[in-house]
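Text of the file query.pdb, holding PDB, C-alpha atoms:
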MODEL        1
ATOM      1  CA  MET A  20     -11.163  -7.249   6.143
ATOM      2  CA  THR A  21     -13.964  -5.290   7.729
ATOM      3  CA  GLY A  22     -14.195  -1.530   7.655
ATOM      4  CA  SER A  23     -12.861  -1.200  11.217
ATOM      5  CA  GLU A  24      -9.688  -3.194  10.652
ATOM      6  CA  VAL A  25      -6.259  -1.920   9.714
ATOM      7  CA  PRO A  26      -3.807  -3.906   7.561
ATOM      8  CA  PRO A  27      -1.973  -6.441   9.763
ATOM      9  CA  PRO A  28       1.785  -6.014  10.300
ATOM     10  CA  SER A  29       2.465  -8.934   7.942
ATOM     11  CA  SER A  30       0.853  -7.112   4.987
ATOM     12  CA  SER A  31       3.051  -5.765   2.230
ATOM     13  CA  PHE A  32       2.534  -3.462  -0.715
ATOM     14  CA  ARG A  33       4.113  -4.021  -4.120
ATOM     15  CA  LEU A  34       4.857  -0.866  -6.088
ATOM     16  CA  ALA A  35       5.939  -1.024  -9.723
ATOM     17  CA  TYR A  36       7.821   1.749 -11.501
ATOM     18  CA  VAL A  37       9.029   2.299 -15.050
ATOM     19  CA  PRO A  38      12.526   3.464 -16.065
ATOM     20  CA  GLY A  39      13.177   7.137 -15.434
ATOM     21  CA  VAL A  40      10.695   7.486 -12.572
ATOM     22  CA  MET A  41      12.329   8.252  -9.221
ATOM     23  CA  PRO A  42       9.817   7.428  -6.451
ATOM     24  CA  THR A  43      12.310   8.117  -3.637
ATOM     25  CA  LYS A  44      10.350  10.968  -2.035
ATOM     26  CA  TRP A  45       7.088   9.030  -1.956
ATOM     27  CA  ILE A  46       8.817   5.915  -0.611
ATOM     28  CA  ARG A  47      10.314   7.939   2.239
ATOM     29  CA  ILE A  48       6.909   9.326   3.215
ATOM     30  CA  TRP A  49       5.353   5.844   3.029
ATOM     31  CA  ASN A  50       8.033   4.448   5.352
ATOM     32  CA  GLU A  51       7.462   7.295   7.813
ATOM     33  CA  ARG A  52       3.687   6.786   7.898
ATOM     34  CA  LEU A  53       3.456   3.025   7.437
ATOM     35  CA  PRO A  54       6.657   1.477   8.824
ATOM     36  CA  GLU A  55       4.780  -1.758   9.610
ATOM     37  CA  ILE A  56       3.712  -2.223   5.961
ATOM     38  CA  PRO A  57       6.775  -3.226   3.890
ATOM     39  CA  LEU A  58       6.979  -1.550   0.495
ATOM     40  CA  THR A  59       8.407  -3.801  -2.212
ATOM     41  CA  LEU A  60       9.637  -2.054  -5.364
ATOM     42  CA  VAL A  61       9.068  -3.804  -8.698
ATOM     43  CA  PRO A  62      11.086  -2.353 -11.612
ATOM     44  CA  VAL A  63       9.329  -2.936 -14.933
ATOM     45  CA  THR A  64       9.617  -1.734 -18.503
ATOM     46  CA  ALA A  65       6.993   0.635 -19.861
ATOM     47  CA  ALA A  66       5.569  -2.218 -21.959
ATOM     48  CA  GLU A  67       5.354  -4.602 -18.986
ATOM     49  CA  ALA A  68       3.842  -2.156 -16.501
ATOM     50  CA  PHE A  69       0.135  -2.634 -17.201
ATOM     51  CA  GLY A  70       0.352  -6.423 -17.299
ATOM     52  CA  VAL A  71       2.114  -6.387 -13.925
ATOM     53  CA  LEU A  72      -0.667  -4.239 -12.466
ATOM     54  CA  ARG A  73      -3.311  -6.636 -13.761
ATOM     55  CA  ASP A  74      -1.461  -9.628 -12.302
ATOM     56  CA  GLY A  75      -1.564  -8.118  -8.823
ATOM     57  CA  GLY A  76      -0.764 -10.237  -5.767
ATOM     58  CA  GLU A  77       2.666 -11.736  -5.227
ATOM     59  CA  SER A  78       3.517 -12.003  -8.935
ATOM     60  CA  GLY A  79       2.432  -8.495  -9.922
ATOM     61  CA  ALA A  80       1.998  -5.145  -8.205
ATOM     62  CA  ASP A  81      -0.704  -3.339  -6.232
ATOM     63  CA  ALA A  82       0.007  -0.004  -7.950
ATOM     64  CA  GLY A  83       2.661   1.524 -10.132
ATOM     65  CA  PHE A  84       4.220   4.650 -11.563
ATOM     66  CA  VAL A  85       3.629   4.356 -15.311
ATOM     67  CA  ARG A  86       3.664   6.437 -18.456
ATOM     68  CA  LEU A  87       0.340   7.488 -19.959
ATOM     69  CA  PRO A  88      -1.855   6.530 -21.638
ATOM     70  CA  VAL A  89      -3.010   3.423 -19.757
ATOM     71  CA  ASP A  90      -4.087   0.642 -22.089
ATOM     72  CA  GLY A  91      -7.564  -0.129 -20.778
ATOM     73  CA  PRO A  92     -10.570   1.190 -18.816
ATOM     74  CA  ASP A  93      -9.957  -1.355 -16.043
ATOM     75  CA  LEU A  94      -6.974   0.683 -14.829
ATOM     76  CA  SER A  95      -7.315   3.931 -12.899
ATOM     77  CA  ALA A  96      -4.672   6.614 -13.228
ATOM     78  CA  ILE A  97      -3.767   9.902 -11.581
ATOM     79  CA  PRO A  98      -1.469  12.078 -13.744
ATOM     80  CA  LEU A  99       1.450  13.372 -11.684
ATOM     81  CA  TYR A 100       3.706  15.380 -13.988
ATOM     82  CA  THR A 101       4.749  15.923 -17.600
ATOM     83  CA  GLU A 102       8.337  15.480 -18.691
ATOM     84  CA  THR A 103      10.338  17.635 -21.061
ATOM     85  CA  THR A 104      11.413  15.834 -24.233
ATOM     86  CA  VAL A 105      15.081  16.141 -25.149
ATOM     87  CA  VAL A 106      17.291  15.067 -28.021
ATOM     88  CA  VAL A 107      20.368  13.016 -27.121
ATOM     89  CA  VAL A 108      23.392  13.866 -29.281
ATOM     90  CA  PRO A 109      27.170  13.397 -29.273
ATOM     91  CA  LYS A 110      28.971  16.243 -27.508
ATOM     92  CA  ASP A 111      30.610  17.345 -30.766
ATOM     93  CA  HIS A 112      27.269  17.616 -32.615
ATOM     94  CA  LEU A 113      26.065  21.060 -33.749
ATOM     95  CA  VAL A 114      23.015  20.744 -31.471
ATOM     96  CA  ALA A 115      25.305  20.763 -28.435
ATOM     97  CA  ALA A 116      26.180  24.401 -29.186
ATOM     98  CA  VAL A 117      22.642  25.732 -28.595
ATOM     99  CA  ASP A 118      20.257  25.835 -25.603
ATOM    100  CA  GLU A 119      17.322  24.136 -27.329
ATOM    101  CA  VAL A 120      16.225  22.948 -30.771
ATOM    102  CA  THR A 121      13.037  22.388 -32.752
ATOM    103  CA  LEU A 122      12.005  19.313 -34.685
ATOM    104  CA  ASP A 123      12.734  21.154 -37.929
ATOM    105  CA  ASP A 124      16.343  21.576 -36.791
ATOM    106  CA  LEU A 125      16.672  17.772 -36.855
ATOM    107  CA  ALA A 126      15.365  17.373 -40.410
ATOM    108  CA  ASP A 127      18.731  16.309 -41.850
ATOM    109  CA  ASP A 128      19.667  13.911 -39.040
ATOM    110  CA  VAL A 129      18.789  10.243 -38.649
ATOM    111  CA  VAL A 130      16.398   9.977 -35.702
ATOM    112  CA  LEU A 131      16.256   6.618 -33.936
ATOM    113  CA  ASN A 132      12.918   5.220 -32.796
ATOM    114  CA  PRO A 133      13.429   2.302 -30.367
ATOM    115  CA  LEU A 134      10.728  -0.338 -29.984
ATOM    116  CA  ASP A 135      10.240   0.637 -26.331
ATOM    117  CA  SER A 136       9.831   4.348 -27.105
ATOM    118  CA  THR A 137       7.549   6.189 -24.666
ATOM    119  CA  LEU A 138       6.745   8.995 -27.113
ATOM    120  CA  THR A 139       3.804   8.928 -29.510
ATOM    121  CA  TRP A 140       4.558  10.266 -32.985
ATOM    122  CA  GLU A 141       2.226  11.107 -35.842
ATOM    123  CA  THR A 142       5.271  11.635 -38.034
ATOM    124  CA  LEU A 143       8.767  10.851 -36.791
ATOM    125  CA  PRO A 144      11.096  13.819 -37.402
ATOM    126  CA  GLY A 145      14.389  13.647 -39.240
ATOM    127  CA  GLN A 146      15.567  10.890 -41.542
ATOM    128  CA  PRO A 147      14.414   7.318 -40.854
ATOM    129  CA  ALA A 148      16.924   4.794 -39.547
ATOM    130  CA  LYS A 149      17.435   1.472 -41.355
ATOM    131  CA  GLU A 150      16.271  -0.479 -38.295
ATOM    132  CA  ARG A 151      14.540   0.234 -35.010
ATOM    133  CA  PRO A 152      16.699  -0.466 -31.944
ATOM    134  CA  ALA A 153      15.144  -2.945 -29.515
ATOM    135  CA  THR A 154      15.524  -0.714 -26.463
ATOM    136  CA  THR A 155      16.287   2.860 -25.481
ATOM    137  CA  ALA A 156      19.603   1.662 -24.046
ATOM    138  CA  ASP A 157      20.519   0.198 -27.449
ATOM    139  CA  ALA A 158      19.548   3.465 -29.145
ATOM    140  CA  VAL A 159      21.810   5.424 -26.795
ATOM    141  CA  GLU A 160      24.717   3.182 -27.819
ATOM    142  CA  LEU A 161      23.963   3.922 -31.464
ATOM    143  CA  VAL A 162      23.942   7.675 -30.754
ATOM    144  CA  ALA A 163      27.384   7.323 -29.191
ATOM    145  CA  ALA A 164      28.529   5.458 -32.315
ATOM    146  CA  GLY A 165      27.358   8.344 -34.512
ATOM    147  CA  VAL A 166      24.523   6.401 -36.162
ATOM    148  CA  GLY A 167      21.770   8.887 -35.304
ATOM    149  CA  LEU A 168      20.018  10.990 -32.666
ATOM    150  CA  LEU A 169      17.434  10.012 -30.081
ATOM    151  CA  LEU A 170      14.390  11.818 -28.667
ATOM    152  CA  VAL A 171      13.378  10.728 -25.148
ATOM    153  CA  PRO A 172      11.882  12.102 -21.918
ATOM    154  CA  GLN A 173      14.552  13.947 -19.969
ATOM    155  CA  SER A 174      14.578  11.383 -17.140
ATOM    156  CA  LEU A 175      15.586   8.648 -19.588
ATOM    157  CA  ALA A 176      18.384  10.813 -20.964
ATOM    158  CA  ARG A 177      19.663  11.159 -17.404
ATOM    159  CA  LEU A 178      19.218   7.458 -16.704
ATOM    160  CA  HIS A 179      21.352   6.519 -19.730
ATOM    161  CA  HIS A 180      23.885   9.305 -19.269
ATOM    162  CA  ARG A 181      27.283   8.940 -20.904
ATOM    163  CA  ARG A 182      30.259  11.279 -20.770
ATOM    164  CA  ASP A 183      30.480  11.465 -24.545
ATOM    165  CA  LEU A 184      26.808  12.431 -24.960
ATOM    166  CA  THR A 185      24.655  15.401 -24.030
ATOM    167  CA  TYR A 186      21.045  16.441 -24.583
ATOM    168  CA  ARG A 187      18.998  19.541 -25.355
ATOM    169  CA  PRO A 188      15.266  20.332 -24.881
ATOM    170  CA  VAL A 189      12.923  20.065 -27.874
ATOM    171  CA  PRO A 190       9.864  22.187 -26.927
ATOM    172  CA  ASP A 191       7.694  21.209 -29.907
ATOM    173  CA  ALA A 192       8.172  17.442 -29.496
ATOM    174  CA  PRO A 193       5.509  15.160 -27.969
ATOM    175  CA  GLU A 194       5.782  14.874 -24.194
ATOM    176  CA  SER A 195       5.555  11.955 -21.804
ATOM    177  CA  ARG A 196       3.246  12.040 -18.761
ATOM    178  CA  VAL A 197       3.892  10.023 -15.622
ATOM    179  CA  ALA A 198       0.967   8.756 -13.557
ATOM    180  CA  LEU A 199       0.118   6.585 -10.585
ATOM    181  CA  SER A 200      -2.012   3.665 -11.802
ATOM    182  CA  TRP A 201      -3.751   0.659 -10.259
ATOM    183  CA  PRO A 202      -6.581  -1.790 -11.104
ATOM    184  CA  GLN A 203      -9.862   0.054 -10.684
ATOM    185  CA  GLU A 204     -11.513  -2.819  -8.827
ATOM    186  CA  GLU A 205      -8.577  -3.067  -6.412
ATOM    187  CA  THR A 206      -8.705   0.403  -4.896
ATOM    188  CA  THR A 207      -7.680  -0.835  -1.445
ATOM    189  CA  ASP A 208      -7.025   1.275   1.625
ATOM    190  CA  LEU A 209      -3.282   0.991   1.074
ATOM    191  CA  VAL A 210      -3.793   2.312  -2.462
ATOM    192  CA  GLU A 211      -5.791   5.198  -0.968
ATOM    193  CA  HIS A 212      -2.925   5.943   1.403
ATOM    194  CA  LEU A 213      -0.484   5.994  -1.534
ATOM    195  CA  ILE A 214      -2.806   8.324  -3.456
ATOM    196  CA  GLY A 215      -2.796  10.644  -0.461
ATOM    197  CA  ILE A 216       1.001  10.603  -0.364
ATOM    198  CA  VAL A 217       1.519  11.440  -4.049
ATOM    199  CA  ARG A 218      -1.142  14.157  -3.845
ATOM    200  CA  GLY A 219       0.588  15.744  -0.870
ATOM    201  CA  ARG A 220      -2.105  15.089   1.723
ATOM    202  CA  THR A 221      -1.119  15.239   5.369
ATOM    203  CA  VAL A 222      -1.249  12.140   7.551
ATOM    204  CA  ASN A 223      -4.603  13.255   9.037
ATOM    205  CA  SER A 224      -6.266  13.886   5.679
ATOM    206  CA  THR A 225      -5.164  10.686   3.929
ATOM    207  CA  ARG A 226      -8.189   8.674   2.864
ATOM    208  CA  GLY A 227      -8.835   5.031   3.676
ATOM    209  CA  ARG A 228      -8.795   3.220   6.988
ATOM    210  CA  PRO A 229      -6.829   4.674   9.896
ATOM    211  CA  LEU A 230      -3.086   4.099   9.925
ATOM    212  CA  PRO A 231      -1.721   1.495  12.351
ATOM    213  CA  ALA A 232      -1.505   2.877  15.893
ATOM    214  CA  ARG A 233       2.286   2.905  16.080
ATOM    215  CA  THR A 234       2.572   4.899  12.852
ATOM    216  CA  ALA A 235       0.202   7.637  13.969
ATOM    217  CA  GLU A 236       2.793   9.485  16.102
ATOM    218  CA  GLY A 237       0.289  10.449  18.738
ATOM    219  CA  ARG A 238      -2.491  11.367  16.290
ATOM    220  CA  GLN A 239      -4.726   8.323  16.908
ATOM    221  CA  GLY A 240      -7.576  10.416  18.257
ATOM    222  CA  THR A 241      -7.946  12.323  15.004
ATOM    223  CA  GLN A 242      -7.438   9.465  12.540
ATOM    224  CA  GLY A 243     -10.117   7.086  13.716
ATOM    225  CA  THR A 244     -12.906   9.322  12.377
ATOM    226  CA  ASP A 245     -11.596   9.456   8.797
ATOM    227  CA  LYS A 246     -13.119   6.670   6.702
ATOM    228  CA  GLY A 247     -12.510   8.057   3.252
ATOM    229  CA  LYS A 248     -15.727  10.124   3.031
ATOM    230  CA  GLY A 249     -14.039  13.492   3.386
ATOM    231  CA  LYS A 250     -11.623  15.430   5.543
ATOM    232  CA  ARG A 251     -12.369  16.109   9.177
ATOM    233  CA  PRO A 252     -10.207  18.694  10.921
ATOM    234  CA  ASP A 253      -9.034  17.984  14.442
ATOM    235  CA  LYS A 254     -10.591  19.933  17.325
ATOM    236  CA  ALA A 255      -7.554  22.139  17.743
ATOM    237  CA  ALA A 256      -7.780  23.177  14.109
ATOM    238  CA  GLU A 257     -11.492  23.952  14.510
ATOM    239  CA  GLY A 258     -10.702  26.162  17.458
ATOM    240  CA  ARG A 259      -8.218  28.100  15.400
ATOM    241  CA  ARG A 260     -10.668  28.617  12.560
ATOM    242  CA  LYS A 261     -13.780  29.585  14.566
ATOM    243  CA  PRO A 262     -14.071  33.150  15.930
ATOM    244  CA  ALA A 263     -14.588  33.480  19.680
ATOM    245  CA  ARG A 264     -18.107  34.210  20.830
ATOM    246  CA  GLY A 265     -18.854  37.856  21.318
ATOM    247  CA  GLY A 266     -15.439  38.903  19.994
ATOM    248  CA  SER A 267     -14.023  39.808  16.632
ATOM    249  CA  GLY A 268     -12.588  36.347  16.057
ATOM    250  CA  SER A 269      -9.125  34.853  16.129
ATOM    251  CA  GLY A 270      -8.862  33.912  12.437
ATOM    252  CA  SER A 271      -6.377  35.417  10.046
ATOM    253  CA  GLY A 272      -8.982  37.928   8.840
ATOM    254  CA  ALA A 273      -9.859  39.199  12.316
ATOM    255  CA  LYS A 274      -8.873  42.675  13.412
ATOM    256  CA  PRO A 275      -7.082  43.078  16.762
ATOM    257  CA  THR A 276      -8.983  44.612  19.682
ATOM    258  CA  GLY A 277      -7.569  46.859  22.370
ATOM    259  CA  LYS A 278      -4.164  48.414  22.488
ATOM    260  CA  SER A 279      -2.349  45.112  22.657
ATOM    261  CA  GLY A 280      -4.278  43.604  19.765
ATOM    262  CA  SER A 281      -5.110  40.523  21.879
ATOM    263  CA  THR A 282      -8.505  38.892  21.686
ATOM    264  CA  GLY A 283      -8.027  37.356  25.120
ATOM    265  CA  SER A 284      -8.914  40.585  26.947
ATOM    266  CA  ALA A 285     -12.188  40.881  24.991
ATOM    267  CA  ARG A 286     -13.462  37.711  26.639
ATOM    268  CA  ARG A 287     -12.870  38.796  30.235
ATOM    269  CA  GLY A 288     -15.890  41.097  30.551
ATOM    270  CA  LYS A 289     -15.965  44.706  31.794
ATOM    271  CA  PRO A 290     -13.041  46.025  33.883
ATOM    272  CA  ARG A 291     -13.774  46.837  37.527
ATOM    273  CA  ARG A 292     -14.171  50.441  38.501
ATOM    274  CA  ARG A 293     -11.469  51.846  40.718
ATOM    275  CA  SER A 294     -12.647  53.162  44.080
TER     276      SER A 294
ENDMDL
END
Re-express the file's structure as structure tokens.
Amino acid sequence: MTGSEVPPPSSSFRLAYVPGVMPTKWIRIWNERLPEIPLTLVPVTAAEAFGVLRDGGESGADAGFVRLPVDGPDLSAIPLYTETTVVVVPKDHLVAAVDEVTLDDLADDVVLNPLDSTLTWETLPGQPAKERPATTADAVELVAAGVGLLLVPQSLARLHHRRDLTYRPVPDAPESRVALSWPQEETTDLVEHLIGIVRGRTVNSTRGRPLPARTAEGRQGTQGTDKGKGKRPDKAAEGRRKPARGGSGSGSGAKPTGKSGSTGSARRGKPRRRS
């Protein structure tokens, strides 16, 4: 596509996400701004995520919500948030009686370390288990069976919630960071729009090519000038920011003039003398 084109209505965008990530808010904003560009969600495991991003196209994904670190310099990433690490325990465990625990508090317990763990340990706390569970879901089942405890990001504890289990924060445990990632050489305009959404940019300040006309909601005149080289305020916004000529200005830092405090009267010239 050339620089003046917008993605055709038949285009689609494939967005991967790992367990525990809830992209609902960002999906809603995407659908509001780009209703003509279907967003296809691709659930992947943490281990699969980077391969799916490299595959791209119809078999992979254009971008994805992953857990850091990314596994190569060919992938770009924007950190979004850091998750609290919690320990998952049976409801009748001693840990359930306190608000939070430290790693030292788990020294006498068997701590499970599943093969798909998203936490990086220098030394695993607690007592080692005989075997490593294949998945976090398997580890949760073992916790329920009383085999051991499990340390995971809080979102995964919620994802695998069971009535007979609970969890408590572990402030001194390693943390998991969630990021938006995509292939560095495939930073398309739709990727730029997604970056703008997750960073909280408004529709007018989102980088990349202009949005399709029917998604602009009457803002076409202000979007056509934005080509990803910076933000350009609309004329109305400029008028609000610039002080009026010869007056004290209409910005938030301006002091009111006259008894009414209105700047409008300051632009009308001198009052006529009464005869």
Next item on the list: Identify all residues satisfying the PyMOL selection byres ((chain A and resi 159-174) around 8) in the given file; provide them as number ranges by chain.
Entry: A: 39-40, 102-109, 128-132, 136-138, 148, 155-158, 175-179, 183-184, 194-195
Taking the file as I've supplied it (selection: the PyMOL selection byres ((chain A and resi 118) around 12)), which residues are included? Please answer as a PDB file with C-alpha atoms, in the coordinates of the input.
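In the end it all went to part.pdb:
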ATOM      1  CA  VAL A 105      15.081  16.141 -25.149  1.00  0.00           C
ATOM      2  CA  VAL A 106      17.291  15.067 -28.021  1.00  0.00           C
ATOM      3  CA  LEU A 113      26.065  21.060 -33.749  1.00  0.00           C
ATOM      4  CA  VAL A 114      23.015  20.744 -31.471  1.00  0.00           C
ATOM      5  CA  ALA A 115      25.305  20.763 -28.435  1.00  0.00           C
ATOM      6  CA  ALA A 116      26.180  24.401 -29.186  1.00  0.00           C
ATOM      7  CA  VAL A 117      22.642  25.732 -28.595  1.00  0.00           C
ATOM      8  CA  GLU A 119      17.322  24.136 -27.329  1.00  0.00           C
ATOM      9  CA  VAL A 120      16.225  22.948 -30.771  1.00  0.00           C
ATOM     10  CA  THR A 121      13.037  22.388 -32.752  1.00  0.00           C
ATOM     11  CA  THR A 185      24.655  15.401 -24.030  1.00  0.00           C
ATOM     12  CA  TYR A 186      21.045  16.441 -24.583  1.00  0.00           C
ATOM     13  CA  ARG A 187      18.998  19.541 -25.355  1.00  0.00           C
ATOM     14  CA  PRO A 188      15.266  20.332 -24.881  1.00  0.00           C
ATOM     15  CA  VAL A 189      12.923  20.065 -27.874  1.00  0.00           C
ATOM     16  CA  PRO A 190       9.864  22.187 -26.927  1.00  0.00           C
TER      17      PRO A 190
END
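The two atoms in question, atom CA of A:Leu72 and atom CA of A:Trp201, are spaced 6.2 Å apart.
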Next item on the list: Please write the residues picked by the PyMOL selection byres ((chain A and resi 80) around 8) on this file as a list in words.
Entry: Phe32, Arg33, Leu34, Ala35, Val61, Val71, Leu72, Arg73, Asp74, Gly75, Gly76, Glu77, Ser78, Gly79, Asp81, Ala82 and Gly83 of chain A
Please produce a file of the residues just selected, as a tab-separated table (two decimals), in the coordinates of the input, where the atoms kept are C-alpha atoms.
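Here's the written file selection-v9.tsv:
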chain	number	residue	atom	x	y	z
A	32	PHE	CA	2.53	-3.46	-0.72
A	33	ARG	CA	4.11	-4.02	-4.12
A	34	LEU	CA	4.86	-0.87	-6.09
A	35	ALA	CA	5.94	-1.02	-9.72
A	61	VAL	CA	9.07	-3.80	-8.70
A	71	VAL	CA	2.11	-6.39	-13.92
A	72	LEU	CA	-0.67	-4.24	-12.47
A	73	ARG	CA	-3.31	-6.64	-13.76
A	74	ASP	CA	-1.46	-9.63	-12.30
A	75	GLY	CA	-1.56	-8.12	-8.82
A	76	GLY	CA	-0.76	-10.24	-5.77
A	77	GLU	CA	2.67	-11.74	-5.23
A	78	SER	CA	3.52	-12.00	-8.94
A	79	GLY	CA	2.43	-8.49	-9.92
A	81	ASP	CA	-0.70	-3.34	-6.23
A	82	ALA	CA	0.01	0.00	-7.95
A	83	GLY	CA	2.66	1.52	-10.13
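The gap separating atom CA of A:His212 from atom CA of A:Ile97 is 13.6 Å, in Å to one decimal.
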Next item on the list: For atom CA of A:Leu94 and atom CA of A:Glu67, determine how far apart the two atoms are, in Å to one decimal place.
Entry: 14.0 Å
Next item on the list: Rank A:Thr207, A:Ser200, A:Thr142, A:Ser31 by their smallest atom-to-atom distance to A:Asp90, using only C-alpha atoms, and report the top residue only.
Entry: A:Ser200
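Candidate residues A:Val85, A:Ala66, A:Ile214, A:Ala192 were compared for distance to A:Asp123, and the nearest is A:Ala192, using all atoms listed in the file.
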Note to self: I want to know what sits within 9 Å of A:Thr64, based on only C-alpha atoms, with residues of the same chain fewer than 6 positions away left out; could you give that as a list of chain:residue names?
What the structure shows: A:Tyr36, A:Val37, A:Pro38, A:Asp135
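Of the listed residues (A:Ser30, A:Thr154, A:Gln203, A:Gln146), A:Gln146 comes nearest to A:Asp124; the distances count all atoms listed in the file.
Distance annotation: of A:Val210, A:Ile56, A:Gly219, A:Pro202, the residue with the minimal separation from A:Pro92 is A:Pro202; atom set is all atoms listed in the file.
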